[in-house]
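Structure data follow from protein_7.txt (compact mmCIF, C-alpha atoms):
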# COMPACT_ATOMS: atom_id res chain seq x y z
CA MET I 1 -26.31 9.55 -7.21
CA THR I 2 -22.55 9.29 -7.64
CA PHE I 3 -19.89 7.77 -5.43
CA ILE I 4 -16.14 7.66 -6.01
CA TYR I 5 -14.57 4.37 -4.95
CA HIS I 6 -10.81 4.42 -4.37
CA SER I 7 -9.37 1.22 -5.84
CA PRO I 8 -5.86 -0.11 -6.54
CA LEU I 9 -6.46 1.07 -10.14
CA GLY I 10 -7.34 4.59 -9.04
CA PRO I 11 -10.72 6.25 -8.58
CA ILE I 12 -13.79 4.44 -9.87
CA LYS I 13 -16.93 6.48 -10.44
CA ILE I 14 -20.09 4.59 -9.50
CA VAL I 15 -23.45 6.02 -10.59
CA ALA I 16 -26.66 4.50 -9.23
CA GLY I 17 -30.33 5.06 -9.87
CA PRO I 18 -33.47 3.57 -8.37
CA PHE I 19 -33.19 0.38 -10.48
CA GLY I 20 -29.50 -0.36 -9.85
CA ILE I 21 -25.99 0.62 -10.87
CA LYS I 22 -26.11 2.68 -14.08
CA GLU I 23 -22.45 3.39 -14.72
CA ILE I 24 -18.97 2.36 -13.60
CA ARG I 25 -16.05 4.38 -14.91
CA LEU I 26 -12.39 3.89 -14.18
CA GLN I 27 -11.16 7.45 -13.69
CA PHE I 28 -7.48 6.76 -14.49
CA GLY I 29 -5.40 9.90 -14.69
CA THR I 30 -8.21 12.26 -13.70
CA LYS I 31 -8.26 14.53 -10.71
CA TYR I 32 -11.35 13.98 -8.67
CA SER I 33 -13.12 16.77 -6.85
CA PRO I 34 -16.09 15.92 -4.65
CA SER I 35 -19.53 16.93 -5.85
CA ILE I 36 -22.61 17.82 -3.86
CA ASN I 37 -24.21 14.58 -5.03
CA GLU I 38 -21.54 12.36 -3.52
CA LEU I 39 -22.92 9.81 -1.14
CA SER I 40 -21.73 9.40 2.40
CA LEU I 41 -21.77 5.66 2.92
CA ASP I 42 -22.00 6.25 6.65
CA SER I 43 -25.51 7.58 6.22
CA ASP I 44 -28.48 5.51 7.34
CA ASN I 45 -30.35 6.38 4.17
CA SER I 46 -32.26 3.31 2.99
CA SER I 47 -33.40 4.68 -0.36
CA PRO I 48 -32.94 2.21 -3.25
CA VAL I 49 -30.14 4.34 -4.72
CA HIS I 50 -28.14 4.27 -1.48
CA VAL I 51 -28.75 0.53 -1.05
CA HIS I 52 -27.46 -0.13 -4.60
CA LEU I 53 -24.36 1.99 -4.00
CA ARG I 54 -23.52 0.36 -0.66
CA LYS I 55 -23.90 -3.12 -2.20
CA CYS I 56 -21.66 -2.14 -5.13
CA VAL I 57 -18.97 -0.73 -2.82
CA LYS I 58 -19.05 -3.92 -0.72
CA TRP I 59 -18.70 -5.96 -3.93
CA PHE I 60 -15.69 -3.88 -5.02
CA ASP I 61 -14.10 -4.24 -1.55
CA THR I 62 -14.40 -8.03 -1.82
CA TYR I 63 -13.24 -8.05 -5.46
CA PHE I 64 -10.11 -5.98 -4.86
CA GLU I 65 -9.27 -8.02 -1.74
CA GLY I 66 -9.15 -11.03 -4.10
CA LYS I 67 -11.89 -12.92 -2.23
CA PHE I 68 -13.50 -14.18 -5.42
CA ASP I 69 -15.14 -17.17 -3.74
CA GLU I 70 -17.28 -14.68 -1.75
CA LEU I 71 -18.57 -12.99 -4.92
CA ASP I 72 -21.75 -14.92 -5.53
CA ASP I 73 -25.04 -13.88 -7.06
CA ALA I 74 -26.36 -12.70 -3.69
CA SER I 75 -23.51 -10.20 -3.29
CA PHE I 76 -23.72 -8.89 -6.87
CA PRO I 77 -25.28 -5.42 -7.12
CA ASP I 78 -28.41 -4.87 -9.18
CA LEU I 79 -27.56 -3.43 -12.59
CA ASP I 80 -29.55 -0.98 -14.68
CA ILE I 81 -28.28 -2.36 -18.00
CA PRO I 82 -29.10 0.01 -20.87
CA LYS I 83 -30.63 -0.78 -24.26
CA PRO I 84 -32.90 -3.74 -23.42
CA GLY I 85 -33.78 -5.85 -26.45
CA THR I 86 -30.62 -4.98 -28.39
CA PHE I 87 -27.76 -7.27 -29.36
CA SER I 88 -25.44 -5.29 -27.05
CA HIS I 89 -27.77 -5.81 -24.10
CA ASN I 90 -27.84 -9.55 -24.82
CA VAL I 91 -24.03 -9.64 -25.07
CA TRP I 92 -23.64 -7.85 -21.72
CA LYS I 93 -26.06 -10.26 -20.03
CA CYS I 94 -24.22 -13.27 -21.50
CA LEU I 95 -20.88 -11.81 -20.44
CA CYS I 96 -22.00 -11.75 -16.80
CA SER I 97 -21.88 -15.58 -16.88
CA VAL I 98 -18.09 -15.49 -17.47
CA LYS I 99 -16.69 -15.87 -13.96
CA HIS I 100 -13.50 -14.65 -12.30
CA GLY I 101 -10.42 -16.42 -13.60
CA GLN I 102 -12.10 -17.21 -16.92
CA THR I 103 -11.89 -15.54 -20.32
CA ILE I 104 -13.98 -15.81 -23.46
CA THR I 105 -13.16 -14.86 -27.05
CA TYR I 106 -15.10 -12.25 -29.00
CA LYS I 107 -16.15 -15.08 -31.34
CA ASP I 108 -17.36 -17.37 -28.54
CA LEU I 109 -19.26 -14.53 -26.90
CA ALA I 110 -20.94 -13.75 -30.24
CA GLU I 111 -22.03 -17.41 -30.44
CA LEU I 112 -23.26 -17.36 -26.84
CA ALA I 113 -25.27 -14.21 -27.62
CA GLY I 114 -26.90 -15.95 -30.60
CA ASN I 115 -25.01 -14.54 -33.59
CA PRO I 116 -21.79 -16.47 -34.37
CA LYS I 117 -20.75 -14.01 -37.09
CA ALA I 118 -21.00 -10.92 -34.88
CA SER I 119 -17.51 -10.77 -33.35
CA ARG I 120 -17.12 -7.13 -34.39
CA ALA I 121 -20.50 -6.24 -32.89
CA VAL I 122 -19.33 -7.88 -29.65
CA GLY I 123 -16.26 -5.62 -29.79
CA HIS I 124 -18.54 -2.62 -30.17
CA ALA I 125 -20.66 -3.78 -27.21
CA MET I 126 -17.48 -4.04 -25.12
CA LYS I 127 -16.41 -0.54 -26.15
CA THR I 128 -19.79 0.93 -25.15
CA ASN I 129 -20.12 -1.03 -21.89
CA ARG I 130 -20.97 1.52 -19.17
CA LEU I 131 -20.68 -1.06 -16.39
CA THR I 132 -17.02 -2.03 -16.69
CA VAL I 133 -15.66 -4.59 -14.19
CA LEU I 134 -19.23 -5.54 -13.13
CA VAL I 135 -20.07 -6.47 -16.72
CA PRO I 136 -16.58 -7.87 -17.21
CA CYS I 137 -15.55 -6.77 -20.70
CA HIS I 138 -11.92 -7.20 -19.59
CA ARG I 139 -12.49 -10.98 -19.75
CA VAL I 140 -13.11 -10.87 -23.51
CA ILE I 141 -9.97 -11.72 -25.45
CA ARG I 142 -9.02 -12.35 -29.05
CA THR I 143 -8.94 -15.80 -30.60
CA GLY I 144 -5.39 -17.05 -30.12
CA GLY I 145 -5.10 -15.65 -26.59
CA ARG I 146 -4.03 -12.03 -27.14
CA ILE I 147 -5.84 -9.71 -24.77
CA GLY I 148 -7.27 -7.33 -27.38
CA ASN I 149 -8.34 -3.77 -26.73
CA TYR I 150 -9.77 -2.16 -23.62
CA SER I 151 -11.26 1.30 -23.32
CA GLY I 152 -11.45 1.48 -19.52
CA GLY I 153 -8.89 3.12 -17.26
CA ASN I 154 -5.43 3.06 -18.79
CA GLY I 155 -6.41 0.80 -21.69
CA CYS I 156 -4.73 -2.56 -22.18
CA SER I 157 -2.53 -2.27 -19.08
CA THR I 158 -5.71 -1.97 -16.97
CA LYS I 159 -7.19 -5.01 -18.72
CA GLN I 160 -4.00 -6.96 -18.09
CA TRP I 161 -3.98 -5.92 -14.41
CA LEU I 162 -7.61 -7.06 -13.97
CA LEU I 163 -6.95 -10.42 -15.67
CA GLN I 164 -3.82 -11.00 -13.56
CA HIS I 165 -5.69 -9.99 -10.41
CA GLU I 166 -8.35 -12.61 -11.24
CA LYS I 167 -5.62 -15.15 -12.07
CA ALA I 168 -6.98 -15.47 -15.62
CA MET I 169 -3.49 -14.86 -17.02
CA GLN I 170 0.06 -14.80 -15.72
Starting from the file, give its structure as structure tokens.
Amino acid sequence: MTFIYHSPLGPIKIVAGPFGIKEIRLQFGTKYSPSINELSLDSDNSSPVHVHLRKCVKWFDTYFEGKFDELDDASFPDLDIPKPGTFSHNVWKCLCSVKHGQTITYKDLAELAGNPKASRAVGHAMKTNRLTVLVPCHRVIRTGGRIGNYSGGNGCSTKQWLLQHEKAMQ
């Protein structure tokens, strides 16, 4: 099931399945036209998919309002993180421990994920992250403090906006 969330960055496509949120895509620069699958959040549907979507939308509302202290584990939507057992999966799980207002380098994230020499593999995991913002690849920066690349939304300007919104950089 798909829902389009209208954020300060533009439309965000949220895709949910029975086990959690499967995909988050910043739809920068794209025209959105509603599909038959689009969820009406006003519905009383209590299926797992609808519950996951409503929880994700509530999380985004809180996030974009800047109420980071209200974003605890209980409010975080369930994620259907792909590729269990892979290095990328491990990196994404480790990255979820990097909180709002914090950043981590590619090198430090590689160490946290158990392979200190895998900075490039961490970069690849960030590039293939289908759960952007929720699995916060925008918080991964280069050694020395430069923000590095970002494949979501409008690229590096989106990453910079997210980091400034979280007060992780000026």
Report the centre and edge lengths, in Å to one decimal, of an axis-aligned box enclosing every atom of region 96-110 of chain I listed in the file, padded by 8 Å on each side, as JSON.
{"center_x": -16.2, "center_y": -14.6, "center_z": -21.8, "size_x": 27.6, "size_y": 21.6, "size_z": 35.0}
Mind listing as a PyMOL selection string all residues within 8 Å of (-31.4, -2.1, -12.3), counting only C-alpha atoms?
-> chain I and resi 17-22+78-81
Once you have the residues from the selection above, write them out as an mmCIF file, in the coordinates of the input, restricted to C-alpha atoms.
data_model
loop_
_atom_site.group_PDB
_atom_site.id
_atom_site.type_symbol
_atom_site.label_atom_id
_atom_site.label_comp_id
_atom_site.auth_asym_id
_atom_site.auth_seq_id
_atom_site.Cartn_x
_atom_site.Cartn_y
_atom_site.Cartn_z
ATOM 1 C CA GLY I 17 -30.330 5.060 -9.870
ATOM 2 C CA PRO I 18 -33.470 3.570 -8.370
ATOM 3 C CA PHE I 19 -33.190 0.380 -10.480
ATOM 4 C CA GLY I 20 -29.500 -0.360 -9.850
ATOM 5 C CA ILE I 21 -25.990 0.620 -10.870
ATOM 6 C CA LYS I 22 -26.110 2.680 -14.080
ATOM 7 C CA ASP I 78 -28.410 -4.870 -9.180
ATOM 8 C CA LEU I 79 -27.560 -3.430 -12.590
ATOM 9 C CA ASP I 80 -29.550 -0.980 -14.680
ATOM 10 C CA ILE I 81 -28.280 -2.360 -18.000
#
Can you pull out every residue within 12 Å of Ser157 (chain I), counting all atoms listed in the file, but drop anything in the same chain fewer than 6 positions away, and send it as a PyMOL selection string?
-> chain I and resi 9+28+138+147-151+163-164
Of the listed residues I:Arg54, I:Lys167, I:Thr2, I:Pro11, that which approaches Glu23 (chain I) most closely, counting all atoms listed in the file |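 Closest candidate: I:Thr2.
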Mind listing whatever residues come within 9 Å of the point (-18.4, 1.7, -1.1)? Use all atoms listed in the file, file coordinates, and give them as number ranges by chain.
-> I: 3-6, 41, 53-61
Please produce an output containing C-alpha atoms for each residue in the selection, written as a short mmCIF file (atom, residue, chain, number, x, y, z; two decimals), in the frame of the given file.
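Here's the written file result-v4.cif:
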data_model
loop_
_atom_site.label_atom_id
_atom_site.label_comp_id
_atom_site.auth_asym_id
_atom_site.auth_seq_id
_atom_site.Cartn_x
_atom_site.Cartn_y
_atom_site.Cartn_z
CA PHE I 3 -19.89 7.77 -5.43
CA ILE I 4 -16.14 7.66 -6.01
CA TYR I 5 -14.57 4.37 -4.95
CA HIS I 6 -10.81 4.42 -4.37
CA LEU I 41 -21.77 5.66 2.92
CA LEU I 53 -24.36 1.99 -4.00
CA ARG I 54 -23.52 0.36 -0.66
CA LYS I 55 -23.90 -3.12 -2.20
CA CYS I 56 -21.66 -2.14 -5.13
CA VAL I 57 -18.97 -0.73 -2.82
CA LYS I 58 -19.05 -3.92 -0.72
CA TRP I 59 -18.70 -5.96 -3.93
CA PHE I 60 -15.69 -3.88 -5.02
CA ASP I 61 -14.10 -4.24 -1.55
#
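In this comparison, which uses all atoms listed in the file, the residue of I:Gly66, I:Gly123, I:Gly153, I:Gly10 approaching Ser88 (chain I) most closely is I:Gly123.
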Which of these, I:Ala74, I:Pro84, I:Arg142, I:Thr132, has the shortest distance to Ile104 (chain I) once you count all atoms listed in the file?
-> I:Arg142
What gap, in Å, lies between CA of Met1 (chain I) and CA of Val15 (chain I)?
->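 Between CA of Met1 (chain I) and CA of Val15 (chain I) the gap is 5.7 Å.
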Pick out the closest residue to Thr128 (chain I) from this set: I:Pro8, I:Pro77, I:Gly152, I:Pro48. Count all atoms listed in the file.
->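 Looking at the shortest contact to Thr128 (chain I), the residue is I:Gly152.
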Spatial neighbours of Ala125 (chain I), 12 Å, only C-alpha atoms, chain gap at least 6 places, as a PyMOL selection string = chain I and resi 82-83+86-95+106+109-110+113+118-119+131-132+135-137+140+150-151
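Ranking I:Lys159, I:Lys13, I:His52, I:Lys127 by their shortest atom-to-atom distance to Gln27 (chain I), with all atoms listed in the file included, puts I:Lys13 first.
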Choose the residue, out of I:Phe76, I:Ile14, I:Ile24, I:Asn115, that has the smallest atom-to-atom separation from Arg130 (chain I); count all atoms listed in the file.
->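 Among I:Phe76, I:Ile14, I:Ile24, I:Asn115, it is I:Ile24 that comes nearest to Arg130 (chain I).
Between CA of Lys99 (chain I) and CA of Lys117 (chain I) lies a distance of 23.6 Å.
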